[in-house]
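Let me begin by presenting the structure, written as structure tokens, before commenting on it.
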Amino acid sequence: MAFKYVNVPENISVEDCISNNYCLAPSKHIGFSPKPSVSFKTLDTLCKESTNKEKIKKEGTYNYTEIGNIDVSSGYVESDKCFGVNVPSDTPKQVQVGDILISTVRTYRGGIGFVNERIENHVCSPAIMILRQVDGSITKEYLFAVLRTDFFIEQILGFQNRGMYPRIEKEAMKCIYIPIPKSTDDLQYITLLVKSYLNKLSLIKKRHKEILSIIDVELKSNQKNNNFTYELPKISEIEEIGRLDTARYSQRYKSYEFFIKNYRHGFFKLSDYGYKVKRGQNLQISNIGQSYYSDVFQKGFYNLAISSNFSEYSIIDKLTYLGNKNDLKKIQKGDIVFSARGAQFGRVIVFPESIANTITNIDSLVIQSKQPKLSRSIFIAMFLNNLRWNKHIYSVAITGSGANSLTQYQSDDINFPEFPDNIQEKVAKLYYNQNSIYSRRPLSPDDFLEIDNEYNKTAGIYNLDKTAKEIRNRLNDSIDAIINGKNIKKEFDITS
């Protein structure tokens, strides 16, 4: 990989080789050279690792965080509730609110999280490093911002004695540099931005839970006076479905379909409201010719929204970029993009705002209407999201070679409850609120969080994610400026 911060020598002298005990391993010769004008401290001098263990009671209830519960794209930390007898480790570590968690396995993937919420009986895997106390020259929020940048990841890749998978360990902390802000104003600015960022991550999860709750309560509390009775499939049913390799004959599938079809206000299919379903753009060379891919924005390239970057919460973790001379199939405002195959099967996003020059790939289905009602399109996307969380969508899918897939011709096999307009709009508003607008007056460190929290009260998932990404970009730029001895451009205004 090309390093931005770590120095890679073009040649190695005999003296260098001797000083490193005749070792030619790259980790012995790649390093970061701090600028004399910038203050740096090593990670071991800035913070202490917490190693407090929890004595597990088998009958107790715990919230357990594995490495996979740290969202590498955002740094949000989740946990799974389980009884003590089912806790995967006999010696898990105690976790507190305010802790920074770092995956010690494949650290270069970015498994660095911040515990922003108080969780009862929270413990984590021994394979996670916990940083709890920090030096007074920084804050934990500041340290988290630095650890989430390429600067830290490059040091992990470049500084350590490693085999195949670089990782962080106690000794490595002595070799990892952290830049120290040159003023308390710089430190305060980054700390405030991180607090805002973390609050938005937490609220995205809360809004999502509220959406699922509204759907579940509305559906199950407004049933007609009919009772579900499971019956084995009849020949006519098999002929209608046209497949044997499906879970649509199971009791679990039929019982939930009963709730949808027995809903007091009825149900609908996508075609009932004029929605058309088609595959995303085929990106093979045989179809569109040579393309050029990039992980960073390139002028004139297409924004590529691929399903591997869709989150569980119907947001795009990141866009990649594709250069191609052809006029490719673009996504329009109001379009729903459904991940139709692969590991992310069932994840879904919706575009409530115009987004120029954006495409998806053939692994996704694009659900479009010529005259979409935005609240209905968002509701459809959120109900599809709900079907993934309760696993109902997997029963509709074709299963082959251990993977799920859904074709455009199966789209009308999915039924949606005909929620009243006010319920659909309520769900839609929790995802996207067009009236949620950030303050346009100049903000200062004294009132930033107060104004930011006012905005958060009405912002939907899409709004929160959009502003969180803007804050994350500012944080990365600010840390980069500190590393290179430049002044930070302090701005508190946010584009909503």
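Within each chain, counting starts at residue 1; across the structure tokens, chains are named A, B, ... in the order shown, with ligands numbered 1 upward in that order.
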Check: What's the 12 Å shell around range 433-436 of chain A, counting only C-alpha atoms, without same-chain residues fewer than 4 positions away, as an MDAnalysis selection string?
Finding: chainID A and resid 207 352:353 374:375 378 425:429 452:464 466:467 495:496
Note to self: Would you pick out the contacts of Asn121 in chain A at 10 Å or less, using only C-alpha atoms, so that residues sharing its chain but fewer than 2 positions from it are not included, and give the list as a list in words?
What the structure shows: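 Once the nearby chain positions are removed, what remains is Glu54, Ile56, Gly60, Thr61, Tyr62, Asn63, Tyr64, Lys81, Gln94, Val95, Gln96, Arg118, Ile119 and Val123 of chain A.
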Serialized selection, C-alpha atoms, as a short mmCIF file (atom, residue, chain, number, x, y, z; two decimals), in the first residue's frame:
data_model
loop_
_atom_site.label_atom_id
_atom_site.label_comp_id
_atom_site.auth_asym_id
_atom_site.auth_seq_id
_atom_site.Cartn_x
_atom_site.Cartn_y
_atom_site.Cartn_z
CA GLU A 54 -15.24 -9.81 35.14
CA ILE A 56 -18.93 -14.37 35.24
CA GLY A 60 -26.37 -13.59 35.34
CA THR A 61 -27.19 -11.53 32.26
CA TYR A 62 -24.41 -9.75 30.38
CA ASN A 63 -23.90 -7.54 27.35
CA TYR A 64 -20.94 -9.01 25.50
CA LYS A 81 -27.19 -9.79 25.45
CA GLN A 94 -15.04 -5.11 32.20
CA VAL A 95 -16.23 -2.24 29.96
CA GLN A 96 -17.36 1.21 31.09
CA ARG A 118 -23.87 3.23 29.68
CA ILE A 119 -24.64 -0.49 29.26
CA VAL A 123 -18.01 -7.04 29.12
#
Margin query: Report as a PyMOL selection string all protein, DNA and RNA residues lying within 10 Å of Glu257 in chain A, evaluated on only C-alpha atoms, omitting residues in the same chain fewer than 6 positions from it.
Written below: chain A and resi 228+248+251+263+392+414-417
Checklist line | Picked from range 180-348 of chain A by DSSP as strand (DSSP E), as number ranges by chain | finding: A: 267-268, 276-279, 292-294, 302-304, 320-323, 336-339, 348
Note to self: Would you compute the distance between CA of Ile153 in chain A and CA of Ile100 in chain A? Give it in Å to one decimal.
What the structure shows: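 Straight-line distance from CA of Ile153 in chain A to CA of Ile100 in chain A works out to 15.6 Å.
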Item checked: Given only C-alpha atoms as the counted atoms, nearest of A:Thr360, A:Leu430, A:Asp317, A:Thr407 to Glu210 in chain A -> A:Leu430
Checklist line | Separation of CA of Met382 in chain A from CA of Arg243 in chain A in Å | finding: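 Here the two named atoms are 27.5 Å from each other.
Using only C-alpha atoms, the protein and nucleic acid residues lying no more than 8 Å from Ser364 in chain A, apart from those fewer than 6 places from it along its own chain, are Arg279, Gly280, Ile306, Ser307, Val337, Phe338, Ser339, Ala340 and Arg341 of chain A.
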